[in-house]
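Asker: The following file, target.cif, comprises mmCIF, C-alpha atoms:
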data_entry
#
loop_
_atom_site.label_atom_id
_atom_site.label_comp_id
_atom_site.auth_asym_id
_atom_site.auth_seq_id
_atom_site.Cartn_x
_atom_site.Cartn_y
_atom_site.Cartn_z
CA MET V 1 53.28 47.45 4.35
CA ALA V 2 49.94 46.97 6.10
CA SER V 3 49.38 48.11 9.67
CA LEU V 4 49.89 44.57 10.95
CA GLY V 5 53.49 44.72 9.76
CA ARG V 6 56.43 46.88 10.77
CA PRO V 7 56.55 50.71 10.72
CA CYS V 8 58.92 50.80 7.73
CA SER V 9 59.74 48.38 4.94
CA TRP V 10 61.66 45.35 6.16
CA ALA V 11 64.29 45.75 3.45
CA LYS V 12 65.11 49.33 4.50
CA CYS V 13 65.27 48.41 8.18
CA MET V 14 67.44 45.42 7.35
CA LEU V 15 69.86 47.50 5.29
CA ARG V 16 70.25 50.09 8.05
CA ARG V 17 70.96 47.38 10.59
CA GLN V 18 73.40 45.73 8.22
CA ARG V 19 75.39 48.94 7.84
CA ALA V 20 75.69 49.12 11.62
CA LEU V 21 76.72 45.48 11.89
CA SER V 22 79.28 45.84 9.12
CA LEU V 23 81.26 48.21 11.34
CA ARG V 24 82.10 45.26 13.57
CA ASN V 25 84.22 43.75 10.78
CA ILE V 26 83.33 40.18 11.62
CA ARG V 27 85.70 37.73 9.99
CA GLN V 28 84.48 35.08 7.56
CA ILE V 29 87.43 32.94 6.63
CA PHE V 30 85.99 31.58 3.37
CA SER V 31 84.92 34.94 1.95
CA GLY V 32 86.14 35.09 -1.65
CA SER V 33 87.07 31.38 -1.68
CA CYS V 34 85.64 28.68 -3.93
CA ILE V 35 83.01 27.85 -1.28
CA ASP V 36 81.96 31.44 -0.56
CA ALA V 37 78.26 31.12 0.32
CA SER V 38 77.51 34.54 -1.19
CA ASP V 39 78.42 33.49 -4.74
CA GLY V 40 75.55 34.02 -7.16
CA LEU V 41 73.46 36.11 -4.77
CA SER V 42 72.11 39.59 -5.44
CA ASP V 43 73.39 42.53 -3.40
CA GLU V 44 70.24 42.50 -1.28
CA GLN V 45 70.57 38.76 -0.66
CA LYS V 46 74.19 39.27 0.36
CA HIS V 47 73.07 41.87 2.90
CA ILE V 48 70.44 39.50 4.26
CA GLN V 49 72.99 36.70 4.42
CA GLN V 50 75.52 38.87 6.22
CA MET V 51 72.95 39.97 8.77
CA ALA V 52 72.01 36.34 9.46
CA ARG V 53 75.67 35.31 9.63
CA ASP V 54 76.46 38.12 12.06
CA PHE V 55 73.49 37.15 14.21
CA ALA V 56 74.67 33.54 14.20
CA LYS V 57 78.19 34.55 15.23
CA ASN V 58 77.15 36.97 17.98
CA GLU V 59 73.89 35.57 19.35
CA MET V 60 74.07 31.83 18.70
CA ALA V 61 77.58 30.37 18.32
CA PRO V 62 78.86 31.51 21.75
CA PHE V 63 75.97 29.68 23.45
CA MET V 64 75.54 26.68 21.16
CA LYS V 65 77.44 24.30 23.44
CA ASP V 66 75.54 25.38 26.57
CA TRP V 67 72.15 25.08 24.88
CA ASP V 68 73.08 21.57 23.81
CA GLN V 69 74.40 20.38 27.16
CA GLU V 70 71.65 22.05 29.22
CA GLU V 71 68.92 21.19 26.68
CA HIS V 72 67.87 24.83 26.79
CA PHE V 73 65.21 26.28 24.45
CA PRO V 74 66.52 29.83 23.79
CA ARG V 75 63.28 31.78 23.36
CA ASP V 76 65.01 35.08 24.12
CA VAL V 77 67.37 34.60 21.19
CA MET V 78 64.53 33.47 18.94
CA LYS V 79 62.67 36.70 19.73
CA LYS V 80 65.75 38.61 18.65
CA ALA V 81 65.71 36.58 15.43
CA GLY V 82 62.06 37.55 15.04
CA GLU V 83 63.00 41.21 15.33
CA LEU V 84 65.21 40.74 12.27
CA GLY V 85 62.35 39.22 10.27
CA PHE V 86 63.38 35.57 10.64
CA GLY V 87 60.14 34.32 12.24
CA ALA V 88 57.94 34.36 9.13
CA VAL V 89 60.46 34.71 6.34
CA TYR V 90 58.25 33.76 3.39
CA CYS V 91 54.88 34.90 4.75
CA GLN V 92 53.08 37.90 3.30
CA GLU V 93 54.04 41.34 4.58
CA ALA V 94 50.34 42.24 4.78
CA TYR V 95 50.02 40.03 7.87
CA GLY V 96 53.38 40.87 9.42
CA GLY V 97 55.56 38.42 7.52
CA THR V 98 58.88 39.35 5.95
CA GLY V 99 57.74 38.63 2.38
CA LEU V 100 60.97 37.08 1.13
CA THR V 101 61.46 34.18 -1.29
CA ARG V 102 62.26 30.52 -0.70
CA LEU V 103 65.79 31.16 -1.89
CA ASP V 104 66.16 34.02 0.60
CA ALA V 105 64.93 31.68 3.33
CA SER V 106 67.48 29.03 2.35
CA VAL V 107 70.26 31.62 2.50
CA ILE V 108 69.08 32.76 5.94
CA PHE V 109 68.77 29.27 7.43
CA GLU V 110 72.17 28.24 6.08
CA ALA V 111 73.76 31.32 7.61
CA LEU V 112 72.01 30.92 10.97
CA SER V 113 73.01 27.26 11.15
CA THR V 114 76.67 28.20 11.25
CA GLY V 115 75.86 29.45 14.76
CA CYS V 116 73.60 26.58 15.86
CA VAL V 117 72.10 23.92 13.62
CA SER V 118 69.60 22.73 16.23
CA THR V 119 68.12 26.14 17.04
CA THR V 120 67.94 27.10 13.38
CA ALA V 121 66.21 23.83 12.55
CA TYR V 122 63.46 24.69 15.03
CA ILE V 123 63.17 28.22 13.59
CA SER V 124 62.77 26.66 10.15
CA ILE V 125 59.94 24.38 11.39
CA HIS V 126 58.28 27.40 13.00
CA ASN V 127 58.51 29.19 9.64
CA MET V 128 56.88 26.24 7.89
CA CYS V 129 53.94 26.43 10.30
CA ALA V 130 53.59 30.18 9.83
CA TRP V 131 53.52 29.72 6.06
CA MET V 132 50.81 27.07 6.29
CA ILE V 133 48.57 29.55 8.12
CA ASP V 134 49.52 32.30 5.68
CA GLU V 135 48.82 30.16 2.63
CA PHE V 136 45.72 28.22 3.72
CA GLY V 137 44.29 29.87 6.83
CA SER V 138 41.23 32.09 7.12
CA GLU V 139 41.63 35.86 7.35
CA THR V 140 40.93 35.63 11.07
CA LEU V 141 43.64 33.03 11.62
CA LYS V 142 46.13 35.00 9.56
CA GLU V 143 45.43 38.25 11.39
CA THR V 144 45.51 36.54 14.78
CA TRP V 145 48.59 34.35 14.46
CA ILE V 146 51.04 35.50 11.81
CA PRO V 147 52.01 38.78 13.52
CA GLN V 148 52.76 36.88 16.75
CA LEU V 149 54.62 34.11 14.94
CA ALA V 150 56.60 36.60 12.85
CA THR V 151 58.04 38.22 15.99
CA MET V 152 58.42 34.79 17.62
CA ASP V 153 56.53 36.05 20.64
CA MET V 154 54.54 32.90 19.91
CA CYS V 155 56.14 29.68 18.69
CA ALA V 156 54.58 26.91 16.60
CA SER V 157 54.90 23.13 16.23
CA TYR V 158 54.04 20.85 13.31
CA CYS V 159 52.16 17.69 14.27
CA LEU V 160 52.01 14.94 11.65
CA THR V 161 53.89 11.82 12.81
CA GLU V 162 52.16 9.23 15.01
CA PRO V 163 53.37 6.07 16.77
CA GLY V 164 51.96 3.96 13.93
CA SER V 165 52.37 6.33 10.98
CA GLY V 166 55.77 7.69 10.03
CA SER V 167 56.58 7.54 6.34
CA ASP V 168 53.03 6.28 5.73
CA ALA V 169 51.60 9.58 6.93
CA ALA V 170 48.24 9.10 5.22
CA SER V 171 47.48 6.21 7.61
CA LEU V 172 47.31 8.51 10.67
CA ILE V 173 44.48 7.81 13.10
CA THR V 174 44.26 10.89 15.35
CA SER V 175 40.60 11.79 14.99
CA ALA V 176 38.65 15.05 14.97
CA LYS V 177 34.91 14.58 15.22
CA LYS V 178 32.42 17.40 14.90
CA ASP V 179 30.43 18.41 17.97
CA GLY V 180 28.37 21.51 17.21
CA ASP V 181 30.76 24.35 16.40
CA ASN V 182 33.77 22.35 17.57
CA TYR V 183 35.96 19.42 16.69
CA VAL V 184 36.79 16.94 19.44
CA LEU V 185 40.31 15.54 18.98
CA ASN V 186 41.58 12.20 20.24
CA GLY V 187 44.92 10.60 19.49
CA GLU V 188 48.67 11.04 19.83
CA LYS V 189 51.47 12.64 17.83
CA VAL V 190 55.16 11.80 18.40
CA PHE V 191 58.58 13.35 17.74
CA ILE V 192 57.07 16.85 17.83
CA SER V 193 59.72 19.59 17.93
CA GLY V 194 59.01 22.21 20.58
CA ALA V 195 56.16 20.22 22.13
CA GLY V 196 55.32 21.44 25.62
CA VAL V 197 57.04 24.81 25.26
CA THR V 198 55.52 26.14 22.05
CA ASP V 199 52.23 28.01 21.92
CA VAL V 200 50.33 26.65 18.93
CA TYR V 201 50.13 23.22 17.27
CA LEU V 202 49.18 22.55 13.65
CA VAL V 203 47.65 19.09 13.86
CA MET V 204 46.91 16.73 10.99
CA CYS V 205 43.93 14.63 12.02
CA ARG V 206 41.25 12.46 10.51
CA THR V 207 37.93 14.18 9.94
CA GLY V 208 36.73 11.79 7.21
CA THR V 209 37.31 8.39 5.71
CA GLU V 210 40.58 6.44 5.54
CA GLY V 211 43.39 7.69 3.32
CA ALA V 212 44.80 11.08 2.44
CA LYS V 213 41.47 12.70 1.53
CA GLY V 214 40.08 12.16 5.02
CA ILE V 215 42.72 14.33 6.73
CA SER V 216 42.28 17.95 7.86
CA CYS V 217 44.63 20.48 9.48
CA ILE V 218 43.50 22.02 12.77
CA LEU V 219 45.20 24.68 14.88
CA VAL V 220 45.28 23.89 18.60
CA GLU V 221 46.40 26.38 21.25
CA LYS V 222 48.66 25.21 24.05
CA ASP V 223 46.31 25.64 27.00
CA THR V 224 43.32 23.94 25.37
CA PRO V 225 41.69 21.46 27.81
CA GLY V 226 42.40 17.88 26.76
CA LEU V 227 45.83 18.70 25.33
CA SER V 228 48.81 17.21 27.17
CA PHE V 229 52.39 16.19 26.51
CA GLY V 230 54.58 13.13 27.00
CA LYS V 231 58.01 12.99 28.59
CA LYS V 232 60.85 15.01 27.16
CA GLU V 233 62.86 12.67 24.94
CA LYS V 234 66.65 12.29 25.30
CA LYS V 235 68.18 12.82 21.86
CA VAL V 236 71.56 12.42 20.19
CA GLY V 237 71.37 15.96 18.83
CA TRP V 238 68.88 18.79 18.31
CA ASN V 239 69.03 19.38 22.06
CA SER V 240 68.22 23.10 22.04
CA HIS V 241 64.54 22.31 21.54
CA PRO V 242 62.53 19.54 23.18
CA ILE V 243 60.74 16.67 21.49
CA ARG V 244 57.69 15.16 23.16
CA ALA V 245 54.51 13.32 22.31
CA VAL V 246 51.44 15.53 21.91
CA ILE V 247 48.35 13.86 23.33
CA PHE V 248 44.69 14.70 22.67
CA GLU V 249 41.98 13.40 25.00
CA ASP V 250 38.55 14.81 24.14
CA CYS V 251 40.33 18.03 23.19
CA LYS V 252 37.66 20.50 21.99
CA VAL V 253 38.74 23.00 19.32
CA PRO V 254 36.56 25.48 17.37
CA ILE V 255 35.82 24.51 13.77
CA ALA V 256 37.03 28.03 12.94
CA ASN V 257 40.53 26.82 13.82
CA ARG V 258 40.61 24.51 10.81
CA ILE V 259 43.26 25.54 8.29
CA GLY V 260 41.96 25.10 4.75
CA GLY V 261 38.93 23.01 3.84
CA GLU V 262 37.91 19.76 5.42
CA GLY V 263 39.92 17.01 3.76
CA ASP V 264 42.71 19.37 2.64
CA GLY V 265 45.05 18.48 5.50
CA PHE V 266 47.25 15.97 3.73
CA THR V 267 47.83 18.33 0.81
CA ILE V 268 48.67 21.14 3.25
CA ALA V 269 51.05 18.87 5.16
CA MET V 270 52.87 17.76 2.01
CA ARG V 271 53.13 21.26 0.58
CA GLY V 272 54.54 22.41 3.89
CA LEU V 273 57.09 19.60 3.80
CA ASN V 274 58.29 20.57 0.32
CA GLY V 275 59.54 23.80 1.82
CA GLY V 276 60.59 22.02 5.01
CA ARG V 277 62.92 19.81 2.98
CA ILE V 278 64.63 22.87 1.52
CA ASN V 279 64.87 24.36 5.00
CA VAL V 280 66.42 21.34 6.69
CA ALA V 281 68.83 20.87 3.79
CA SER V 282 69.85 24.50 4.25
CA CYS V 283 70.53 23.80 7.92
CA SER V 284 72.80 20.95 6.80
CA LEU V 285 74.66 23.34 4.51
CA GLY V 286 75.34 25.70 7.41
CA GLY V 287 76.60 22.94 9.66
CA ALA V 288 78.89 21.59 6.95
CA HIS V 289 80.24 25.05 6.10
CA ALA V 290 80.94 25.80 9.76
CA SER V 291 82.67 22.42 10.16
CA MET V 292 84.96 23.28 7.25
CA GLU V 293 85.79 26.61 8.87
CA GLN V 294 86.74 24.74 12.04
CA VAL V 295 88.92 22.33 10.05
CA ARG V 296 90.72 25.11 8.21
CA ASP V 297 91.65 26.86 11.46
CA TYR V 298 92.74 23.53 12.98
CA PHE V 299 94.93 22.70 9.98
CA LYS V 300 96.76 25.99 10.45
CA VAL V 301 97.81 25.32 14.04
CA ARG V 302 97.91 21.55 14.58
CA LYS V 303 101.38 20.07 14.02
CA GLN V 304 102.36 16.45 13.49
CA PHE V 305 105.76 15.16 12.33
CA GLY V 306 107.17 18.67 12.40
CA GLN V 307 104.66 20.49 10.19
CA THR V 308 101.11 21.79 10.30
CA LEU V 309 98.36 19.59 8.91
CA GLU V 310 97.68 21.99 6.03
CA ASN V 311 100.89 20.75 4.38
CA TYR V 312 99.80 17.11 4.03
CA GLN V 313 98.55 16.36 0.54
CA TYR V 314 96.19 13.60 1.67
CA LEU V 315 94.37 16.03 3.95
CA GLN V 316 94.41 18.69 1.23
CA PHE V 317 92.68 16.27 -1.16
CA LYS V 318 90.12 15.30 1.46
CA PHE V 319 89.42 18.96 2.17
CA ALA V 320 88.91 19.60 -1.55
CA ASP V 321 86.43 16.72 -1.71
CA MET V 322 84.51 18.26 1.18
CA ALA V 323 84.41 21.58 -0.66
CA ALA V 324 83.11 19.95 -3.83
CA GLY V 325 80.37 18.18 -1.90
CA LEU V 326 79.35 21.39 -0.15
CA ILE V 327 79.10 23.38 -3.38
CA ALA V 328 77.18 20.62 -5.18
CA SER V 329 74.75 20.47 -2.26
CA ARG V 330 74.29 24.23 -2.09
CA LEU V 331 73.62 24.53 -5.81
CA MET V 332 71.07 21.73 -5.68
CA VAL V 333 69.28 23.24 -2.69
CA ARG V 334 69.13 26.72 -4.17
CA ASN V 335 67.93 25.38 -7.51
CA ALA V 336 65.11 23.53 -5.73
CA ALA V 337 64.23 26.64 -3.71
CA ILE V 338 63.83 28.64 -6.91
CA ALA V 339 61.71 25.87 -8.45
CA LEU V 340 59.44 25.82 -5.40
CA GLN V 341 59.09 29.60 -5.41
CA ASN V 342 58.15 29.55 -9.10
CA LYS V 343 55.73 26.63 -8.64
CA ALA V 344 57.65 24.64 -11.25
CA PRO V 345 56.00 21.35 -12.25
CA ASN V 346 59.08 19.42 -11.12
CA ALA V 347 59.43 21.26 -7.79
CA VAL V 348 58.49 18.24 -5.64
CA PRO V 349 61.16 15.85 -7.00
CA LEU V 350 63.71 18.68 -7.05
CA CYS V 351 63.03 19.43 -3.37
CA SER V 352 63.23 15.72 -2.59
CA MET V 353 66.47 15.32 -4.52
CA ALA V 354 68.03 18.35 -2.87
CA LYS V 355 67.07 17.14 0.59
CA LEU V 356 68.36 13.64 -0.15
CA PHE V 357 71.69 14.74 -1.56
CA ALA V 358 72.46 17.71 0.68
CA THR V 359 71.62 16.09 4.01
CA ASP V 360 73.62 12.96 3.21
CA GLU V 361 76.57 14.84 1.72
CA CYS V 362 76.73 17.49 4.43
CA PHE V 363 76.64 14.82 7.14
CA LYS V 364 79.61 13.18 5.43
CA ILE V 365 81.40 16.54 5.54
CA CYS V 366 80.70 16.92 9.26
CA ASN V 367 81.84 13.35 9.86
CA GLN V 368 85.06 13.93 7.92
CA ALA V 369 85.67 17.15 9.85
CA LEU V 370 85.38 15.25 13.12
CA GLN V 371 87.84 12.65 11.80
CA MET V 372 90.33 15.36 10.84
CA PHE V 373 90.26 16.67 14.40
CA GLY V 374 91.25 13.23 15.63
CA GLY V 375 90.58 12.60 19.31
CA TYR V 376 89.85 16.28 19.88
CA GLY V 377 86.92 16.06 17.50
CA TYR V 378 85.25 13.55 19.82
CA LEU V 379 85.34 15.94 22.77
CA LYS V 380 82.34 18.14 23.46
CA GLU V 381 84.70 21.06 23.98
CA TYR V 382 85.07 21.23 20.18
CA PRO V 383 82.04 22.20 18.08
CA VAL V 384 82.61 19.80 15.18
CA GLN V 385 81.04 16.95 17.14
CA GLN V 386 77.91 19.05 17.70
CA TYR V 387 77.55 19.88 14.01
CA PHE V 388 77.95 16.14 13.40
CA ARG V 389 75.29 15.16 15.96
CA ASP V 390 72.81 17.88 15.00
CA SER V 391 73.07 17.09 11.29
CA ARG V 392 72.54 13.35 11.62
CA VAL V 393 68.76 13.51 12.01
CA HIS V 394 68.29 15.55 8.82
CA SER V 395 68.27 12.42 6.69
CA ILE V 396 65.37 11.08 8.79
CA LEU V 397 62.95 13.95 9.33
CA GLU V 398 60.81 15.91 6.85
CA GLY V 399 60.51 12.58 5.03
CA THR V 400 63.29 10.01 5.28
CA ASN V 401 65.89 9.99 2.54
CA GLU V 402 64.56 6.60 1.51
CA MET V 403 61.20 8.26 0.83
CA MET V 404 63.01 11.03 -1.07
CA ARG V 405 64.46 8.37 -3.37
CA LEU V 406 60.97 7.01 -3.90
CA LEU V 407 59.59 10.44 -4.85
CA VAL V 408 62.45 11.07 -7.28
CA SER V 409 62.14 7.64 -8.91
CA ARG V 410 58.38 8.02 -9.30
CA ASP V 411 58.96 11.24 -11.22
CA LEU V 412 61.59 9.60 -13.43
CA LEU V 413 59.37 6.63 -14.25
CA LYS V 414 56.19 8.62 -14.88
CA ASP V 415 54.75 8.32 -18.39
CA ARG V 416 54.60 11.70 -20.07
#
Have the structure of the file written as structure tokens, please.
Answerer:
Amino acid sequence: MASLGRPCSWAKCMLRRQRALSLRNIRQIFSGSCIDASDGLSDEQKHIQQMARDFAKNEMAPFMKDWDQEEHFPRDVMKKAGELGFGAVYCQEAYGGTGLTRLDASVIFEALSTGCVSTTAYISIHNMCAWMIDEFGSETLKETWIPQLATMDMCASYCLTEPGSGSDAASLITSAKKDGDNYVLNGEKVFISGAGVTDVYLVMCRTGTEGAKGISCILVEKDTPGLSFGKKEKKVGWNSHPIRAVIFEDCKVPIANRIGGEGDGFTIAMRGLNGGRINVASCSLGGAHASMEQVRDYFKVRKQFGQTLENYQYLQFKFADMAAGLIASRLMVRNAAIALQNKAPNAVPLCSMAKLFATDECFKICNQALQMFGGYGYLKEYPVQQYFRDSRVHSILEGTNEMMRLLVSRDLLKDR
């Protein structure tokens, strides 16, 4: 590993930490069951998964409710996640990244989401930004930013959506005009996760003509003059990280901060979103799996008509349907992650299909879990409602599921 990385290989450090954590004998109630999330993984991937699951159980789950209710952005916990290699999971080790695969990342984000879907979702967005710098940035940008993003000492935000351009991202109008050695940015981005509290913003802006080919990607640091933020939005879920508008008013940024070539921004944004769709689907998997764990424990203790709920065949059948949906989703997501890692020609529709299916299906699982809890499920004292709320937005962001259907159908109808 290069000097910018860690003093020993990440895998060796991870394995040593895992051995220590294993002594705690943390219980996973579905281990060995038909929905065991470790099925099909290599021994090393199982170790990575266990480390992430232990971190979720010890560092995230006990505080999930408070972060939600207080709308708290837990930077201290994110830094701990960074220490484990979760800040730049699929970035190169040469620049301080962890150097793992897309499948490894999916496994990690699923495991972390069992502790808090919202916080993990932000970590996954941060990872997407780090990868964009790693994949397309100059050597200077890589050396400057990836080590800090990998440790999560610095946090990143992805800025694509605008008030007038959501699904039609190529119609964005935020401008970046050259002025000597700088770009001058003007415009507004909306629904930006982490805005106002993160340290660096990857901004898609128009440097050329209309359409996708006129868009570039520019890195903007938080304290740059001309950069400001809108009010903190009140959301249904995802409350452990803020969402605000990001506003540029004659915001001057060095041309050296451009990521990739001029006009490459739309391609960079879309390639980032291919991985982002796998990531958010993985977060849905974790929320659904955790909801099923909650249901199983509830079935064992809740009595009606003289017997515990686990003895009612109707609920047994419903629970089996939830399990089938979870496994189908997980297999689809992991298949897409492998395709993306291998640069398969059908990776884009596979990522779109996985995001479409998994986010919809896992939300149904969370919804059914809440229903099984009855009135208790609607109380904020019980975590199933939070998994439900945090998972709902996954069918909207990183490309709506309607757009995912469009991408899949285009692939099916293409002449070959």
Asker: Need to verify the contact set: Phe73 in chain V, 8 Å, all atoms listed in the file, exclusion of same-chain residues closer than 3 positions in sequence. Can you return it as a CSV table (one decimal) with C-alpha atoms, keeping the file's coordinate frame?
Answerer:
chain,number,residue,atom,x,y,z
V,67,TRP,CA,72.2,25.1,24.9
V,119,THR,CA,68.1,26.1,17.0
V,240,SER,CA,68.2,23.1,22.0
V,241,HIS,CA,64.5,22.3,21.5
V,242,PRO,CA,62.5,19.5,23.2
Asker: Have a look at CA of Leu350 in chain V and CA of Met204 in chain V and let me know their distance in Å, one decimal.
Answerer: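 Separation of CA of Leu350 in chain V and CA of Met204 in chain V: 24.7 Å.
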Asker: Around range 209-216 of chain V, with edges along x, y and z and 6 Å added on all six sides, what centre and edge lengths do you get, in Å to one decimal, as JSON?
Answerer:
{"center_x": 41.1, "center_y": 12.2, "center_z": 4.7, "size_x": 19.5, "size_y": 23.5, "size_z": 18.3}
Asker: Would you work out the distance separating CA of Pro225 in chain V from CA of Arg271 in chain V, expressed in Å to one decimal?
Answerer: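 Distance reported for this atom pair: 29.5 Å.
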Asker: Could you list, as a VMD selection string, every residue matched by the PyMOL selection byres ((chain V and resi 75-88) around 7) in this structure?
Answerer: chain V and resid 59 73 to 74 89 to 91 97 to 98 123 127 130 149 to 153
Asker: Please evaluate the PyMOL selection byres ((chain V and resi 238) around 6) against the displayed coordinates and give the resulting residues as a list of chain:residue names.
Answerer: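 Answer for the PyMOL selection byres ((chain V and resi 238) around 6): V:Ser118, V:Gly237, V:Asn239, V:Ser240, V:Asp390.
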Asker: For Cys159 in chain V, list every protein, DNA or RNA residue within 7 Å, evaluated using all atoms listed in the file, and leave out those in the same chain fewer than 5 positions away; present the list as a ChimeraX atom specification.
Answerer: /V:189,192,201-204
Asker: Looking at V:Leu315, V:Ile215, V:Val236, V:Leu412, which one is nearest to Glu71 in chain V, with distances taken over all atoms listed in the file?
Answerer: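 Once distances to Glu71 in chain V are computed over all atoms listed in the file, the minimum belongs to V:Val236.
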Asker: Record the distance separating CA of Leu370 in chain V and CA of Arg334 in chain V, expressed in Å with one decimal.
Answerer: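 Distance reported for this atom pair: 26.4 Å.
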Asker: Using all atoms listed in the file, which of V:Leu112, V:Val393, V:Ala156, V:Ile365 sits nearest Glu293 in chain V?
Answerer: V:Ile365
Asker: Which residues fall under the PyMOL selection byres ((chain V and resi 64) around 9) in this file, as a ChimeraX atom specification?
Answerer: /V:60-63,65-69,115-119,240,383,386
Asker: Could you list, as a PyMOL selection string, every residue within 12 Å of Gly211 in chain V, counting only C-alpha atoms and ignoring same-chain residues fewer than 4 positions away?
Answerer: chain V and resi 165+168-173+205-207+215-216+263-267
Asker: Have a look at V:Lys222, V:Arg389, V:Gly276, V:Val384 and name the one nearest to Lys235 in chain V; count only C-alpha atoms.
Answerer: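 Closest to Lys235 in chain V of all the choices is V:Arg389.
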Asker: Given only C-alpha atoms as the basis, pick out the residue of V:Gly375, V:Gly275, V:Gly40, V:Pro254 nearest to Thr101 in chain V.
Answerer: V:Gly275
Asker: Using all atoms listed in the file, pick whichever of V:Ala358, V:Ile396, V:Val301, V:Ala56 has the shortest atom-to-atom distance to Ser284 in chain V.
Answerer: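 Ranking V:Ala358, V:Ile396, V:Val301, V:Ala56 by distance to Ser284 in chain V, first place goes to V:Ala358.
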